[in-house]
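Asks: Input structure: protein16.csv, which contains CSV, C-alpha atoms and all ligand atoms.
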chain,number,residue,atom,x,y,z
A,153,MET,CA,122.2,85.8,79.0
A,154,GLY,CA,118.7,84.2,78.8
A,155,LEU,CA,117.7,81.5,81.2
A,156,THR,CA,117.4,79.0,78.4
A,157,ASN,CA,121.0,79.5,77.2
A,158,LYS,CA,122.3,79.3,80.8
A,159,THR,CA,120.5,76.0,81.3
A,160,LEU,CA,121.7,74.6,78.0
A,161,ASN,CA,125.3,75.7,78.8
A,162,ASN,CA,125.2,73.6,82.0
A,163,VAL,CA,123.0,70.7,80.9
A,164,LEU,CA,124.0,70.0,77.3
A,165,PRO,CA,127.7,69.1,77.5
A,166,PRO,CA,127.3,66.4,80.2
A,167,PHE,CA,124.1,65.2,78.6
A,168,ALA,CA,125.8,64.8,75.2
A,169,PHE,CA,128.8,63.1,76.7
A,170,LEU,CA,126.5,60.6,78.6
A,171,PHE,CA,124.5,60.1,75.4
A,172,LEU,CA,127.6,59.2,73.4
A,173,LEU,CA,128.8,56.9,76.1
A,174,VAL,CA,125.5,55.0,76.4
A,175,SER,CA,124.8,54.9,72.7
A,176,SER,CA,128.3,53.9,71.6
A,177,PRO,CA,127.4,50.2,71.2
A,178,LEU,CA,124.3,51.2,69.1
A,179,LEU,CA,126.5,53.6,67.0
A,180,PHE,CA,128.9,50.7,66.4
A,181,LEU,CA,126.1,48.5,65.2
A,182,PHE,CA,124.8,51.2,62.9
A,183,LYS,CA,128.3,51.7,61.4
A,184,LEU,CA,128.6,47.9,60.9
A,185,PHE,CA,125.2,47.8,59.2
A,186,ARG,CA,126.2,50.6,56.9
A,187,TYR,CA,129.5,48.8,56.1
A,188,VAL,CA,127.7,45.6,55.1
A,189,GLN,CA,125.1,47.6,53.1
A,190,ARG,CA,127.9,49.4,51.2
A,191,CYS,CA,129.8,46.2,50.4
A,192,ARG,CA,126.6,44.7,48.9
A,193,THR,CA,125.8,47.7,46.8
A,194,ALA,CA,129.2,48.6,45.4
A,195,GLU,CA,128.9,50.3,42.0
A,196,ASN,CA,130.3,48.7,38.8
A,197,VAL,CA,131.7,51.5,36.8
A,198,ALA,CA,132.3,49.6,33.5
A,199,GLY,CA,131.0,51.9,30.7
A,200,LYS,CA,130.2,54.7,33.1
A,201,VAL,CA,131.5,58.2,32.4
A,202,VAL,CA,134.0,59.8,34.7
A,203,VAL,CA,135.7,63.3,34.6
A,204,ILE,CA,139.0,63.5,36.4
A,205,THR,CA,140.7,66.9,36.9
A,206,GLY,CA,144.4,67.1,37.5
A,207,ALA,CA,144.9,63.7,35.7
A,208,SER,CA,148.3,64.6,34.2
A,209,SER,CA,150.3,63.5,37.3
A,210,GLY,CA,150.3,62.1,40.8
A,211,ILE,CA,147.1,60.9,42.4
A,212,GLY,CA,144.9,62.1,39.6
A,213,GLU,CA,146.9,60.1,37.0
A,214,HIS,CA,146.6,57.0,39.1
A,215,LEU,CA,142.9,57.5,39.7
A,216,ALA,CA,142.6,57.5,35.9
A,217,TYR,CA,144.4,54.2,35.6
A,218,GLU,CA,142.3,52.6,38.4
A,219,TYR,CA,139.0,53.7,36.6
A,220,ALA,CA,140.5,52.5,33.3
A,221,ARG,CA,141.1,49.0,34.8
A,222,ARG,CA,137.4,49.0,35.8
A,223,GLU,CA,136.6,49.9,32.2
A,224,ALA,CA,135.1,53.3,32.7
A,225,ARG,CA,134.9,56.0,29.9
A,226,LEU,CA,137.1,58.9,30.8
A,227,THR,CA,137.6,62.7,30.4
A,228,LEU,CA,141.0,63.7,31.6
A,229,VAL,CA,141.6,67.4,32.4
A,230,ALA,CA,144.8,69.4,33.2
A,231,ARG,CA,146.9,72.2,31.8
A,232,ARG,CA,149.8,70.0,30.4
A,233,GLU,CA,148.2,68.4,27.4
A,234,ASP,CA,151.2,66.4,26.3
A,235,ARG,CA,151.3,64.5,29.7
A,236,LEU,CA,147.5,64.0,29.5
A,237,LYS,CA,147.9,62.3,26.1
A,238,MET,CA,150.4,59.8,27.6
A,239,VAL,CA,148.1,59.1,30.5
A,240,ALA,CA,145.2,58.6,28.1
A,241,ASN,CA,147.1,56.0,26.0
A,242,ARG,CA,147.9,54.1,29.1
A,243,CYS,CA,144.3,54.2,30.2
A,244,ARG,CA,143.3,52.7,26.8
A,245,GLU,CA,145.8,49.9,27.3
A,246,LEU,CA,144.5,49.2,30.7
A,247,GLY,CA,140.9,48.7,29.5
A,248,SER,CA,139.1,52.0,29.2
A,249,PRO,CA,136.8,51.9,26.1
A,250,ALA,CA,137.0,55.6,25.4
A,251,VAL,CA,139.2,58.5,26.7
A,252,ILE,CA,138.9,62.2,25.9
A,253,VAL,CA,141.8,64.6,26.7
A,254,THR,CA,140.9,68.3,27.4
A,255,ARG,CA,143.4,71.0,28.2
A,256,GLY,CA,141.8,73.1,30.9
A,257,ASP,CA,142.6,75.3,33.9
A,258,VAL,CA,140.0,74.6,36.7
A,259,SER,CA,140.5,78.1,38.1
A,260,LEU,CA,138.7,79.4,34.9
A,261,VAL,CA,134.9,79.2,34.8
A,262,LYS,CA,134.8,78.9,31.0
A,263,ASP,CA,137.2,75.9,31.1
A,264,CYS,CA,135.1,74.0,33.6
A,265,LYS,CA,131.9,74.7,31.6
A,266,ARG,CA,133.7,73.4,28.5
A,267,PHE,CA,135.0,70.1,29.8
A,268,ILE,CA,131.7,69.2,31.4
A,269,GLU,CA,129.8,70.1,28.2
A,270,ASP,CA,132.3,68.3,26.0
A,271,THR,CA,132.0,65.2,28.1
A,272,VAL,CA,128.2,65.1,28.0
A,273,SER,CA,128.0,65.9,24.2
A,274,GLN,CA,130.6,63.1,23.5
A,275,PHE,CA,129.3,60.4,25.9
A,276,GLY,CA,125.7,61.4,26.5
A,277,ARG,CA,126.0,61.3,30.2
A,278,LEU,CA,128.1,61.9,33.3
A,279,ASP,CA,128.4,59.6,36.3
A,280,HIS,CA,131.4,60.7,38.4
A,281,LEU,CA,133.1,64.1,38.8
A,282,VAL,CA,136.5,63.7,40.5
A,283,ASN,CA,137.8,67.0,41.7
A,284,ASN,CA,141.5,66.2,42.2
A,285,ALA,CA,143.4,69.1,40.6
A,286,GLY,CA,145.2,71.1,43.2
A,287,THR,CA,148.4,72.8,44.0
A,288,VAL,CA,150.4,73.2,47.2
A,289,GLU,CA,152.6,76.0,48.4
A,290,ALA,CA,155.0,75.8,51.4
A,291,LYS,CA,155.5,79.3,52.7
A,292,MET,CA,155.3,81.1,56.1
A,293,PHE,CA,152.4,83.6,56.1
A,294,GLU,CA,154.9,86.4,56.7
A,295,GLU,CA,156.8,85.4,53.6
A,296,TYR,CA,154.0,86.6,51.3
A,297,SER,CA,155.4,90.0,50.0
A,298,ASN,CA,152.3,90.5,47.8
A,299,ILE,CA,149.3,89.0,49.5
A,300,SER,CA,147.4,88.9,46.2
A,301,ASP,CA,149.6,86.0,45.3
A,302,ALA,CA,147.6,83.8,47.7
A,303,HIS,CA,144.5,84.0,45.5
A,304,SER,CA,145.8,81.6,42.9
A,305,LEU,CA,145.8,78.7,45.5
A,306,MET,CA,142.2,79.4,46.5
A,307,ASN,CA,141.2,79.7,42.8
A,308,THR,CA,142.5,76.3,41.9
A,309,ASN,CA,141.9,74.3,45.1
A,310,PHE,CA,138.5,75.7,46.1
A,311,TRP,CA,136.9,77.7,43.3
A,312,GLY,CA,138.0,75.1,40.7
A,313,PRO,CA,135.9,72.3,42.3
A,314,VAL,CA,133.0,74.7,42.9
A,315,TYR,CA,132.9,75.7,39.2
A,316,ALA,CA,133.1,72.2,37.9
A,317,THR,CA,130.5,71.0,40.4
A,318,HIS,CA,128.2,73.8,39.3
A,319,PHE,CA,128.1,72.6,35.7
A,320,ALA,CA,128.1,68.9,36.5
A,321,VAL,CA,125.2,68.8,39.0
A,322,PRO,CA,122.3,68.7,36.5
A,323,HIS,CA,123.9,65.8,34.7
A,324,LEU,CA,124.9,63.9,37.9
A,325,LYS,CA,121.3,64.3,39.1
A,326,LYS,CA,120.0,62.5,36.0
A,327,SER,CA,122.5,59.6,36.4
A,328,LYS,CA,122.3,59.5,40.3
A,329,GLY,CA,126.0,60.1,40.1
A,330,LYS,CA,128.8,60.8,42.4
A,331,ILE,CA,131.1,63.7,43.2
A,332,VAL,CA,134.6,63.2,44.6
A,333,ALA,CA,136.6,65.9,46.5
A,334,VAL,CA,140.3,65.2,47.0
A,335,ALA,CA,140.9,67.2,50.1
A,336,SER,CA,143.7,66.8,52.7
A,337,PRO,CA,144.2,66.2,56.4
A,338,ALA,CA,145.6,69.7,56.4
A,339,GLY,CA,142.0,70.8,56.1
A,340,TRP,CA,141.3,69.5,59.6
A,341,SER,CA,144.0,71.3,61.6
A,342,GLY,CA,146.6,74.0,61.1
A,343,VAL,CA,149.9,73.1,59.4
A,344,PRO,CA,152.8,75.5,59.7
A,345,LYS,CA,153.9,76.9,56.3
A,346,MET,CA,150.6,75.9,54.8
A,347,SER,CA,148.2,78.4,56.1
A,348,ILE,CA,146.6,79.2,52.8
A,349,TYR,CA,146.7,75.6,51.5
A,350,ALA,CA,145.1,74.3,54.7
A,351,ALA,CA,142.4,77.0,54.4
A,352,THR,CA,141.6,76.1,50.8
A,353,LYS,CA,141.1,72.4,51.8
A,354,ALA,CA,139.0,73.4,54.9
A,355,ALA,CA,136.8,75.5,52.6
A,356,MET,CA,136.5,72.6,50.2
A,357,ILE,CA,135.6,70.1,52.9
A,358,ASN,CA,132.9,72.4,54.3
A,359,PHE,CA,131.5,73.2,50.9
A,360,TYR,CA,130.9,69.5,50.1
A,361,GLU,CA,129.5,68.8,53.6
A,362,THR,CA,126.7,71.2,52.8
A,363,LEU,CA,126.3,70.0,49.3
A,364,ARG,CA,125.9,66.4,50.5
A,365,MET,CA,122.8,67.5,52.4
A,366,GLU,CA,121.4,69.7,49.6
A,367,LEU,CA,121.9,67.0,46.9
A,368,HIS,CA,120.7,64.1,49.0
A,369,PRO,CA,119.7,61.5,47.9
A,370,ASP,CA,120.3,62.1,44.2
A,371,ILE,CA,124.1,62.6,44.3
A,372,THR,CA,126.6,60.9,46.6
A,373,ILE,CA,129.7,62.8,47.7
A,374,THR,CA,133.0,61.3,48.8
A,375,THR,CA,135.7,63.4,50.4
A,376,VAL,CA,139.2,62.0,50.2
A,377,PHE,CA,142.0,62.5,52.7
A,378,PRO,CA,145.3,61.2,51.3
A,379,GLY,CA,148.3,60.7,53.5
A,380,LEU,CA,151.7,61.5,52.1
A,381,VAL,CA,151.5,60.1,48.6
A,382,GLU,CA,154.4,60.0,46.2
A,383,ASN,CA,153.6,62.5,43.4
A,384,GLY,CA,154.9,64.3,40.5
A,385,VAL,CA,156.0,67.4,42.5
A,386,THR,CA,159.3,68.3,40.9
A,387,ASP,CA,160.1,71.4,42.9
A,388,PRO,CA,163.3,70.3,44.8
A,389,GLU,CA,162.6,72.8,47.7
A,390,LEU,CA,159.2,71.3,48.2
A,391,ILE,CA,160.5,67.8,48.2
A,392,ALA,CA,163.2,68.7,50.8
A,393,GLU,CA,160.4,70.5,52.8
A,394,ALA,CA,158.2,67.4,52.8
A,395,ARG,CA,161.2,65.2,53.8
A,396,GLY,CA,162.1,67.4,56.7
A,397,ARG,CA,158.5,67.7,57.9
A,398,HIS,CA,157.4,64.1,57.2
A,399,GLY,CA,160.6,62.2,57.9
A,400,LEU,CA,158.7,59.9,60.1
A,401,VAL,CA,155.5,59.7,58.0
A,402,PRO,CA,155.6,56.7,55.7
A,403,LYS,CA,154.9,57.5,52.0
A,404,GLN,CA,152.4,55.5,50.0
A,405,SER,CA,152.5,54.7,46.3
A,406,ALA,CA,149.9,56.5,44.2
A,407,THR,CA,148.7,53.2,42.8
A,408,GLU,CA,147.8,51.8,46.2
A,409,CYS,CA,146.1,55.1,47.2
A,410,ALA,CA,144.1,55.2,44.0
A,411,ARG,CA,142.8,51.6,44.3
A,412,ALA,CA,141.6,52.3,47.9
A,413,VAL,CA,140.0,55.6,46.9
A,414,VAL,CA,138.1,54.2,43.9
A,415,ASP,CA,136.9,51.3,46.1
A,416,GLY,CA,135.6,53.8,48.6
A,417,ILE,CA,133.9,55.9,46.0
A,418,CYS,CA,132.2,52.9,44.4
A,419,SER,CA,130.9,51.7,47.7
A,420,GLY,CA,129.4,55.2,48.4
A,421,LYS,CA,131.6,56.1,51.4
A,422,THR,CA,131.2,59.7,52.6
A,423,SER,CA,134.9,59.9,53.4
A,424,VAL,CA,138.0,57.9,52.5
A,425,ALA,CA,141.2,58.4,54.5
A,426,GLU,CA,144.1,56.6,52.8
A,427,PRO,CA,146.0,55.0,54.5
A,428,SER,CA,143.1,54.7,56.9
A,429,TRP,CA,145.1,55.6,60.1
A,430,ILE,CA,145.1,59.2,58.8
A,431,GLY,CA,141.5,59.3,60.0
A,432,VAL,CA,142.7,59.2,63.6
A,433,LEU,CA,144.2,62.7,63.0
A,434,PHE,CA,140.7,63.9,62.6
A,435,TRP,CA,139.4,62.9,66.0
A,436,LEU,CA,142.7,63.9,67.6
A,437,SER,CA,142.4,67.4,66.1
A,438,THR,CA,138.8,67.6,67.2
A,439,MET,CA,139.1,66.2,70.7
A,440,CYS,CA,142.6,67.4,71.5
A,441,PRO,CA,143.7,70.3,69.3
A,442,GLU,CA,146.4,71.1,71.9
A,443,LEU,CA,148.2,67.8,71.1
A,444,MET,CA,148.1,68.4,67.4
A,445,GLU,CA,149.5,71.9,67.9
A,446,TRP,CA,152.3,70.6,70.1
A,447,ALA,CA,153.3,68.0,67.5
A,448,GLN,CA,153.2,70.5,64.7
A,449,LEU,CA,155.4,73.0,66.7
A,450,ARG,CA,157.9,70.3,67.5
A,451,SER,CA,158.2,69.3,63.8
A,452,MET,CA,158.6,72.9,62.8
A,453,LYS,CA,161.4,73.4,65.3
A,454,ALA,CA,163.1,70.2,64.2
A,455,MET,CA,162.9,71.5,60.6
A,456,ASP,CA,164.5,74.8,61.5
A,457,LYS,CA,167.3,73.0,63.2
A,458,ASN,CA,168.0,70.8,60.1
A,459,LYS,CA,168.5,73.9,57.9
A,501,LIG,N1,150.5,64.0,47.4
A,501,LIG,C1,150.1,64.1,48.6
A,501,LIG,O1,150.8,63.6,49.5
A,501,LIG,C2,148.8,64.7,48.9
A,501,LIG,C3,148.3,64.7,50.2
A,501,LIG,C4,147.1,65.3,50.5
A,501,LIG,C5,146.3,65.9,49.5
A,501,LIG,N2,146.8,65.9,48.2
A,501,LIG,C6,145.9,66.5,47.1
A,501,LIG,O2,145.8,65.6,46.1
A,501,LIG,C7,145.6,66.3,44.9
A,501,LIG,C8,146.5,65.8,43.8
A,501,LIG,O3,147.8,66.1,44.2
A,501,LIG,P1,149.2,65.3,43.8
A,501,LIG,O4,149.9,65.1,45.0
A,501,LIG,O5,148.8,64.2,42.9
A,501,LIG,O6,149.9,66.5,43.0
A,501,LIG,P2,150.5,66.7,41.5
A,501,LIG,O7,151.2,65.5,41.1
A,501,LIG,O8,151.2,68.0,41.5
A,501,LIG,O9,149.2,66.7,40.7
A,501,LIG,C9,148.4,67.9,40.6
A,501,LIG,C10,147.5,67.8,39.4
A,501,LIG,O10,146.6,68.9,39.3
A,501,LIG,C11,146.8,69.6,38.1
A,501,LIG,N3,146.5,71.0,38.2
A,501,LIG,C12,147.1,71.9,39.1
A,501,LIG,N4,146.6,73.1,38.9
A,501,LIG,C13,145.6,73.0,38.0
A,501,LIG,C14,144.7,73.9,37.3
A,501,LIG,N5,144.7,75.2,37.7
A,501,LIG,N6,143.9,73.4,36.4
A,501,LIG,C15,143.9,72.1,36.1
A,501,LIG,N7,144.7,71.2,36.6
A,501,LIG,C16,145.6,71.6,37.5
A,501,LIG,C17,148.2,69.2,37.6
A,501,LIG,O11,148.3,69.2,36.2
A,501,LIG,P3,148.8,70.4,35.3
A,501,LIG,O12,150.0,71.0,36.0
A,501,LIG,O13,149.2,69.7,34.0
A,501,LIG,O14,147.7,71.4,35.1
A,501,LIG,C18,148.3,67.8,38.1
A,501,LIG,O15,147.8,66.9,37.2
A,501,LIG,C19,145.7,67.7,45.2
A,501,LIG,O16,144.4,68.3,45.3
A,501,LIG,C20,146.4,67.7,46.5
A,501,LIG,O17,146.1,68.9,47.3
A,501,LIG,C21,148.0,65.3,47.9
A,502,LIG,C1,150.4,92.1,43.6
A,502,LIG,O1,150.0,91.1,42.6
A,502,LIG,C2,148.9,91.4,41.8
A,502,LIG,C3,148.6,90.2,40.9
A,502,LIG,O2,148.7,89.0,41.7
A,502,LIG,C4,149.2,92.6,41.0
A,502,LIG,O3,148.0,92.9,40.2
A,502,LIG,C5,149.6,93.8,41.9
A,502,LIG,O4,150.0,94.9,41.1
A,502,LIG,C6,150.7,93.4,42.8
A,502,LIG,N1,151.0,94.4,43.8
A,502,LIG,C7,152.2,94.9,44.0
A,502,LIG,C8,152.3,96.0,45.0
A,502,LIG,O5,153.2,94.4,43.4
Could you take the file, read its structure, and then write that structure out as structure tokens?
Replies:
Amino acid sequence: MGLTNKTLNNVLPPFAFLFLLVSSPLLFLFKLFRYVQRCRTAENVAGKVVVITGASSGIGEHLAYEYARREARLTLVARREDRLKMVANRCRELGSPAVIVTRGDVSLVKDCKRFIEDTVSQFGRLDHLVNNAGTVEAKMFEEYSNISDAHSLMNTNFWGPVYATHFAVPHLKKSKGKIVAVASPAGWSGVPKMSIYAATKAAMINFYETLRMELHPDITITTVFPGLVENGVTDPELIAEARGRHGLVPKQSATECARAVVDGICSGKTSVAEPSWIGVLFWLSTMCPELMEWAQLRSMKAMDKNK
């Protein structure tokens, strides 16, 4: 090993630690300054144009209602068109001046191209792209009998947002717009029975971390980390699974979650954890991964006992 690396190995860790210790009051002041700055420049979305994927149920549906209350114009995307139409009617009642419904599968490039192009040709602009569509699968890795089945999760949760973003960026640059990525705390640390899901969200998080730098300062990117939000999941096995795993984790209504998320987006936050205590899981999984692993193993054992 070169002398430089050897020296860095020994000097950098204690130096970085000391630096953080000494500069923590300054960091705090900086965060406070950013907070005040954000409060003063919160965006008013009335009349702005927002595309929301996965708006037919759950968090996406409630994000649509929240944007509608703030009088944004909306394009709602999902595969179940009948449900989208119901959501669209409610959005109009709540105050949205114009709503388009487009049936689309985000895992298909042509669909993503179409819903972005339709939005711009109809409304003449695009201000926010909300990548919310996603699916979850609870399965031990060894339970995949055909490993090709795992692709569909990545295609929807990761490639879907990538495709939509690809077609939206030129329009968002013009409007100095925003991109929203609905990720998950599962993307921070491993979660038993969710190896592929957690990987799709980790991929999404890192994709947008890079994009935030590449698109700075034209486009603002907000990554969202919802806790356990009540949703439209109807698979009874999945509900039982979530109950067993999250018996102690309080659930939040999708309405409450959506309000906090849109507030965060409009004030230009880089990340929104909702409820905000979820954010603590991030530093725990970074600073003490052993603790997270222990807690996850405990909950997995408890679940097996309950079966
Ligand atoms: N609920 C939670 O506790 C929680 C926690 C962390 C993260 N999240 C994330 O939050 C997001 C929303 O989840 P949710 O809980 O609200 O679930 P949900 O009620 O099942 O909603 C998922 C939405 O995505 C749409 N969708 C799924 N696959 C699609 C595809 N290929 N193309 C287009 N639309 C698709 C669904 O509509 P169609 O079936 O009609 O296409 C539906 O509107 C997901 O990304 C999820 O990973 C949720
Ligand atoms: C596995 O699934 C893929 C599609 O997801 C299919 O093309 C392939 O034939 C399947 N393989 C086997 C061995 O069943």
Asks: Every residue with an atom at most 10 Å from (147.1, 52.1, 32.5) (file coordinates; all atoms listed in the file) is what I'm after, so could you write them as a ChimeraX atom specification?
Replies: /A:213-221,238-248
Asks: Under the rule that only C-alpha atoms are counted, which of A:Gly210, A:Pro344, A:Pro165, A:Gly199 is the nearest residue to Pro249 (chain A)?
Replies: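 Of the candidates, the smallest distance to Pro249 (chain A) is held by A:Gly199.
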Asks: So, counting all atoms listed in the file, which residue among A:Glu361, A:Asp456, A:Glu233, A:Glu366 is closest to Lys345 (chain A)?
Replies: A:Asp456
Asks: Residues of region 271-318 of chain A within 12 Å of region 407-414 of chain A: nearest atom pair and distance (Å, one decimal) for each, counting all atoms listed in the file, sorted by chain and number, as a tab-separated table?
Replies:
residue	atom	partner	partner_atom	distance
A:His280	CA	A:Val414	CA	10.8
A:Val282	CA	A:Val414	CA	10.2
A:Asn284	CA	A:Ala410	CA	11.4
Asks: What does the file look like for those residues with C-alpha atoms, as an mmCIF file, in the frame of the given file?
Replies:
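Here's the written file selection_12.cif:
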data_model
loop_
_atom_site.group_PDB
_atom_site.id
_atom_site.type_symbol
_atom_site.label_atom_id
_atom_site.label_comp_id
_atom_site.auth_asym_id
_atom_site.auth_seq_id
_atom_site.Cartn_x
_atom_site.Cartn_y
_atom_site.Cartn_z
ATOM 1 C CA HIS A 280 131.400 60.700 38.400
ATOM 2 C CA VAL A 282 136.500 63.700 40.500
ATOM 3 C CA ASN A 284 141.500 66.200 42.200
#
Asks: For Val343 (chain A), list every protein, DNA or RNA residue within 10 Å, evaluated using only C-alpha atoms, and leave out those in the same chain fewer than 2 positions away; present the list as JSON, numbers by chain.
Replies: {"A": [290, 337, 338, 339, 340, 341, 345, 346, 347, 348, 349, 350, 351, 444, 445, 448, 449, 452]}
Asks: Would you pick out the contacts of Asn309 (chain A) at 8 Å or less, using all atoms listed in the file, so that residues sharing its chain but fewer than 2 positions from it are not included, and give the list as a list in words?
Replies: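 Near Asn309 (chain A), the qualifying residues are Ala285, Gly286, Thr287, Leu305, Met306, Asn307, Trp311, Gly312, Pro313, Thr352, Lys353 and Met356 of chain A.
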Asks: Between A:Ala207, A:Pro166, A:Asp263, A:Ala302, which residue has the minimum interatomic distance to ligand LIG 502 (chain A), considering only C-alpha atoms and all ligand atoms?
Replies: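 That would be A:Ala302, the residue with the smallest distance to ligand LIG 502 (chain A).
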Asks: Need the shell around Val332 (chain A): protein/DNA/RNA residues with any atom at most 9 Å away, counting only C-alpha atoms. Skip same-chain ones fewer than 2 positions apart. Format as a list in words?
Replies: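 Selected residues are His280, Leu281, Val282, Asn283, Asn284, Lys330, Val334, Thr372, Ile373, Thr374, Thr375, Val376 and Ile417 of chain A.
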Asks: Counting all atoms listed in the file, which residue out of A:Phe377, A:Phe319, A:Trp435, A:Tyr296 sits closest to ligand LIG 502 (chain A)?
Replies: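 Among A:Phe377, A:Phe319, A:Trp435, A:Tyr296, it is A:Tyr296 that comes nearest to ligand LIG 502 (chain A).
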